[in-house]
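> Structure in C-alpha cells, see below.
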Amino acid sequence: MGELALYIHIPFCRKKCIYCDFYSLTSLHWRQRYIKALVQEIDRQGRSLCEKVATIRSVYFGGGTPSLLTREHFFAVLQTIRNHFVLAPDVEITCEANPGTLSAAKLAGLRSAGVNRLTVGVQSFCDVELATLGRIHNADAARQSLRQAREAGFSNIAIDLIFAIPGQSLLQWKRNIAEALAFNPEHLSVYGLTVEAGTPLDAEIKAGRMHPCSEEVQRKMMLAAMHRLRAAGYEQYELSNYALPGMTSRHNQAYWQGLSYLGFGASAHSFDGRQRWWNCRDLQLYCRQIESGQNAMAERETLTSRQLLYEMILLGLRQNSGIDSRKWHSAANVDLFEFVQHCGLSTEEGLAAFAPSAGHHLLSRLGEALVLSEQGVLLYDSVCEKLVGGLA
Ligand code: SF4
C-alpha cells in the first residue's frame with residue numbers, strides 16, 4: 001500500500017441546517033463514547049494493515065461539525081493515527097469548522113493538536129440568507145472566526161460558500177464572493193444549493209413557502225464566481241473548488257483522482273481503487289459494534305469495469321486535469337476522442353480547461369486530456385449523461 005488519505009467522520013451538529021442530509025445528531029450525549037470507539041476502530045484497522053505500511057498524505061475531520069470536539073479529542077485521534085501510520089512530512093490535516101463553534105482557545109487547541117488546515121463553513125455573509133439556511137451563526141460570527149483563525153496561526157484557510165439560496169440575488173452573491181476574498185483565503189469552495197429529498201428545505205419548496213433560484217440565475221451565479229475568483233488569482237482546479245497556487249486540497253483530490261482512502265466513524269466510506277465499503281449510518285450501532293470487537297461495516301461493493309469508466313467520466317470532467325485518454329484507453333480499450341464523437345459531442349483543440357470556447361464547444365482536447373470548456377461547466381450534467389449513455 002502506498003499513499004493513503006484518511007477521513008474521520010464526526011456526526012455531531014448543534015442544530016440541523018434545513019438543506020442537510022449528512023448523517024449527524026444534534027445531541028453531544030454520545031460524544032465521549034463515540035471518540036473512544038473511533039480510536040478503537042483506527043487502532044484495530046491500523047494493526048490489521050501491518051504496522052506503518054502506508055504513508056498518510058491527508059487526514060480530514062469532516063461531519064457534522066468536527067469543531068464541536070475538544071482539543072483532547074483531536075489529540076487522541078491523531079495520536080492513534082501516528083501510532084500506526086507514517087504521516088508524510090507535508091501531511092495536510094484538515095478540520096471542518098463552523099462559525100458559532102469556534103473561539104480563540106478552540107483554534108489554538110486545534111493547532112496544537114496538529115490540525116494545519118481549516119475549512120470554515122461560512123456559506124454566506126448575509127444574515128437573511130444564513131437564517132434561510134437554518135445556520136447556527138450570523139455573518140459577524142463568520143467574520144470573527146476567520147479573523148481568529150488567522151490570529152491563531154492558520155496559514156491554510158478554506159472558505160465554503162453556497163449560492164442559489166432561496167431569495168438570493170445575483171448582486172448579493174457577488175457581495176458574498178467579494179467579502180470572502182477580502183479575507184484572502186488560500187482556498188474557496190462554491191457549491192450551488194441542492195435540494196435533497198426529505199429535507200426541510202425540500203418540504204418548504206414543495207409547500208410553496210420557499211422558491212428555488214431559476215436555472216438561468218444559477219448559471220449566472222456560477223459564471224460570476226468563475227470570473228471573479230480567477231481574476232483574483234485563484235485556480236479553478238475543480239468545478240466548485242478554487243485555490244491559490246500550491247494550495248489545492250490534497251484530501252479532496254484523492255477522491256477526485258480515484259486514490260485510496262480509509263474512512264473511520266459512523267457512515268464513513270473507504271475505497272481501495274476497486275472496492276468501496278462503508279460503515280453503518282447509526283452512531284449507537286457503530287459504538288456497540290466497535291466495542292464488541294466487530295467492525296462497523298454496513299456494505300461493500302466491487303466496482304465493475306463499467307462503473308469505473310462511469311466514475312472516470314464524472315470525476316475526470318470535474319477537474320481541470322480532465323480525463324486522461326491513456327488511462328481511458330487502457331480501461332475501456334477504445335480511443336477516448338472517438339468515443340466522445342460517437343456520443344455526439346464535439347471538441348475544440350487546445351482550449352484550456354474551463355475556458356470560454358469561441359466555437360461554443362462543450363469539450364476540449366488538451367494534449368492527452370479531455371476537459372470541459374466554460375460552456376461545458378454550465379452543462380456538466382448533460383455532458384456526463386451523454387457520455388455515460390455511450391457506455392451502454
Ligand atoms: S453544520 Fe453541516 S453537517 Fe451540520 S447540519 Fe449544517 S450542513 Fe449539515
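Just remember, in the C-alpha cells the first chain shown is A, the second B, etc., residues are 1-based per chain, and ligands are 1-based in the order shown.
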Running DSSP on the backbone, which parts of stretch 41-249 of chain A land in strand (DSSP E), as an NGL selection string?

:A and (55-63 or 86-97 or 117-123 or 157-163 or 187-192 or 235-238 or 241-243)

> Suppose we keep C-alpha atoms; can you now write the selection as a PDB file, in the first residue's frame?


ATOM      1  CA  THR A  55       2.142   6.957   4.184  1.00  0.00           C
ATOM      2  CA  ILE A  56      -0.667   9.304   5.030  1.00  0.00           C
ATOM      3  CA  ARG A  57      -0.976  12.247   2.645  1.00  0.00           C
ATOM      4  CA  SER A  58      -4.003  13.778   4.353  1.00  0.00           C
ATOM      5  CA  VAL A  59      -6.294  13.460   7.341  1.00  0.00           C
ATOM      6  CA  TYR A  60      -9.704  15.078   7.113  1.00  0.00           C
ATOM      7  CA  PHE A  61     -12.081  15.623  10.024  1.00  0.00           C
ATOM      8  CA  GLY A  62     -15.483  16.066   8.377  1.00  0.00           C
ATOM      9  CA  GLY A  63     -19.031  15.983   9.547  1.00  0.00           C
ATOM     10  CA  VAL A  86       3.642   7.207   8.766  1.00  0.00           C
ATOM     11  CA  LEU A  87       2.500  10.759   8.197  1.00  0.00           C
ATOM     12  CA  ALA A  88       4.031  12.419   5.115  1.00  0.00           C
ATOM     13  CA  PRO A  89       6.284  15.333   6.120  1.00  0.00           C
ATOM     14  CA  ASP A  90       3.859  17.694   4.390  1.00  0.00           C
ATOM     15  CA  VAL A  91       0.709  15.896   5.578  1.00  0.00           C
ATOM     16  CA  GLU A  92      -2.442  18.003   5.308  1.00  0.00           C
ATOM     17  CA  ILE A  93      -4.629  17.764   8.414  1.00  0.00           C
ATOM     18  CA  THR A  94      -7.952  19.493   7.858  1.00  0.00           C
ATOM     19  CA  CYS A  95     -10.774  20.228  10.237  1.00  0.00           C
ATOM     20  CA  GLU A  96     -14.179  21.400   9.033  1.00  0.00           C
ATOM     21  CA  ALA A  97     -15.307  24.163  11.352  1.00  0.00           C
ATOM     22  CA  ARG A 117      -5.826  23.440   7.551  1.00  0.00           C
ATOM     23  CA  LEU A 118      -9.185  24.873   8.484  1.00  0.00           C
ATOM     24  CA  THR A 119     -12.223  24.845   6.246  1.00  0.00           C
ATOM     25  CA  VAL A 120     -14.774  27.302   7.537  1.00  0.00           C
ATOM     26  CA  GLY A 121     -18.446  26.803   6.669  1.00  0.00           C
ATOM     27  CA  VAL A 122     -19.274  30.465   6.134  1.00  0.00           C
ATOM     28  CA  GLN A 123     -21.885  29.791   3.379  1.00  0.00           C
ATOM     29  CA  ILE A 157      -7.808  28.551   5.408  1.00  0.00           C
ATOM     30  CA  ALA A 158     -10.609  27.458   3.115  1.00  0.00           C
ATOM     31  CA  ILE A 159     -13.972  29.216   2.936  1.00  0.00           C
ATOM     32  CA  ASP A 160     -17.136  27.401   1.864  1.00  0.00           C
ATOM     33  CA  LEU A 161     -19.871  29.446   0.197  1.00  0.00           C
ATOM     34  CA  ILE A 162     -23.298  28.402  -1.102  1.00  0.00           C
ATOM     35  CA  PHE A 163     -25.118  30.058  -3.986  1.00  0.00           C
ATOM     36  CA  HIS A 187      -8.956  28.067  -0.895  1.00  0.00           C
ATOM     37  CA  LEU A 188     -12.636  28.591  -1.742  1.00  0.00           C
ATOM     38  CA  SER A 189     -15.394  26.074  -2.384  1.00  0.00           C
ATOM     39  CA  VAL A 190     -18.558  27.391  -4.021  1.00  0.00           C
ATOM     40  CA  TYR A 191     -21.467  24.998  -4.304  1.00  0.00           C
ATOM     41  CA  GLY A 192     -24.946  25.602  -5.655  1.00  0.00           C
ATOM     42  CA  GLU A 235      -7.028  28.460  -9.967  1.00  0.00           C
ATOM     43  CA  GLN A 236     -10.309  26.658 -10.641  1.00  0.00           C
ATOM     44  CA  TYR A 237      -8.904  23.165 -10.262  1.00  0.00           C
ATOM     45  CA  GLU A 238     -12.305  21.515  -9.855  1.00  0.00           C
ATOM     46  CA  ASN A 241     -13.124  24.471  -5.954  1.00  0.00           C
ATOM     47  CA  TYR A 242     -10.577  27.254  -6.290  1.00  0.00           C
ATOM     48  CA  ALA A 243      -7.121  27.590  -4.775  1.00  0.00           C
TER      49      ALA A 243
END

> When the cut-off is 8 Å and you count only C-alpha atoms and all ligand atoms, which residues lie near ligand 1, shown as a PyMOL selection string?

chain A and resi 11-24+63-65+98+121+134-136

> Could you pull out all residues of stretch 1-128 of chain A with a DSSP call of alpha helix (DSSP H) and give them as number ranges by chain?

A: 31-48, 71-84, 104-113, 127-128

> Sorted by chain and rising residue number, list the residues of stretch 21-73 of chain A at most 8 Å from stretch 287-310 of chain A (counting only C-alpha atoms), each with its closest atom pair and distance in Å to one decimal, as CSV.


residue,atom,partner,partner_atom,distance
A:Arg33,CA,A:Cys287,CA,7.3
A:Tyr34,CA,A:Cys287,CA,6.2
A:Ala37,CA,A:Cys287,CA,5.6
A:Gln40,CA,A:Ile290,CA,7.1
A:Glu41,CA,A:Ile290,CA,6.5

> So how far away is atom CA of A:Ala203 from atom CA of A:Ala225, in Å?

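Between atom CA of A:Ala225 and atom CA of A:Ala203 the gap works out to 28.5 Å.
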
> Please, what distance in Å, to one decimal, runs between atom CA of A:Gly233 and atom CA of A:Ala358?

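A separation of 22.9 Å between them.
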
> Which one of A:Val195, A:Glu179, A:Leu110, A:Ala164 sits closest to A:Ala139 if you count only C-alpha atoms?

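Once distances to A:Ala139 are computed over only C-alpha atoms, the minimum belongs to A:Glu179.
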
> Could you check which of A:Ser373, A:Ser112, A:Thr248, A:Asn138 is closest to A:Glu348, using only C-alpha atoms?

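The answer is A:Ser373, which sits nearest to A:Glu348.
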
> Of the residues A:Asn156, A:Thr347, A:Gln218, A:Gln79, which is the one nearest to A:Gln168, using only C-alpha atoms?

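With only C-alpha atoms as the atom set, the closest residue is A:Gln218.
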
> Please determine, counting only C-alpha atoms, which residue among A:Ala224, A:Leu102, A:Cys343, A:Ala369 has the shortest atom-to-atom distance to A:His137.

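When distances to A:His137 are compared using only C-alpha atoms, the smallest one comes from A:Leu102.
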
> Using Å and a single decimal, report how far atom CA of A:Lys106 sits from atom CA of A:Phe85.

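Between atom CA of A:Phe85 and atom CA of A:Lys106 the gap is 26.1 Å.
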
> Using only C-alpha atoms, pick whichever of A:Tyr7, A:Asp43, A:Gly167, A:Gly109 has the shortest atom-to-atom distance to A:Arg71.

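Once distances to A:Arg71 are computed over only C-alpha atoms, the minimum belongs to A:Gly109.
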
> At a cut-off of 10 Å, using only C-alpha atoms, what residues contact A:Gln32? Leave out same-chain residues fewer than 4 positions from it and give the result as an MDAnalysis selection string.

chainID A and resid 28 36:38 69 73

> Return the single residue from A:Pro66, A:Leu314, A:Ala105, A:Leu146 that is closest to A:Cys384, with distances computed using only C-alpha atoms.

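Smallest separation from A:Cys384 among the options: A:Leu314.
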
> Show me, as a CSV table (one decimal) with C-alpha atoms, in the first residue's frame, the residues that have an atom within 8 Å of A:Leu239 when counting only C-alpha atoms, minus same-chain residues fewer than 3 positions from it.


chain,number,residue,atom,x,y,z
A,236,GLN,CA,-10.3,26.7,-10.6
A,318,ARG,CA,-14.9,17.9,-12.7
A,319,GLN,CA,-11.1,18.5,-12.7
A,320,ASN,CA,-9.1,20.9,-14.7
A,377,VAL,CA,-19.1,23.6,-17.0

> Can you pull out every residue within 12 Å of A:Glu216, counting only C-alpha atoms, but drop anything in the same chain fewer than 5 positions away, and send it as a list in words?

Ala164, Leu170, Met221, Met222, Leu223, Leu378 and Leu379 of chain A

> Quick one: write out the picked residues with C-alpha atoms as a PDB file, in the first residue's frame?


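Below is the file that was written, again-v8.pdb:
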ATOM      1  CA  ALA A 164     -28.696  29.771  -5.267  1.00  0.00           C
ATOM      2  CA  LEU A 170     -27.034  37.849  -8.140  1.00  0.00           C
ATOM      3  CA  MET A 221     -24.040  32.927 -10.274  1.00  0.00           C
ATOM      4  CA  MET A 222     -21.691  30.117 -11.265  1.00  0.00           C
ATOM      5  CA  LEU A 223     -20.167  32.237 -14.031  1.00  0.00           C
ATOM      6  CA  LEU A 378     -22.614  25.044 -17.120  1.00  0.00           C
ATOM      7  CA  LEU A 379     -23.890  21.886 -18.819  1.00  0.00           C
TER       8      LEU A 379
END
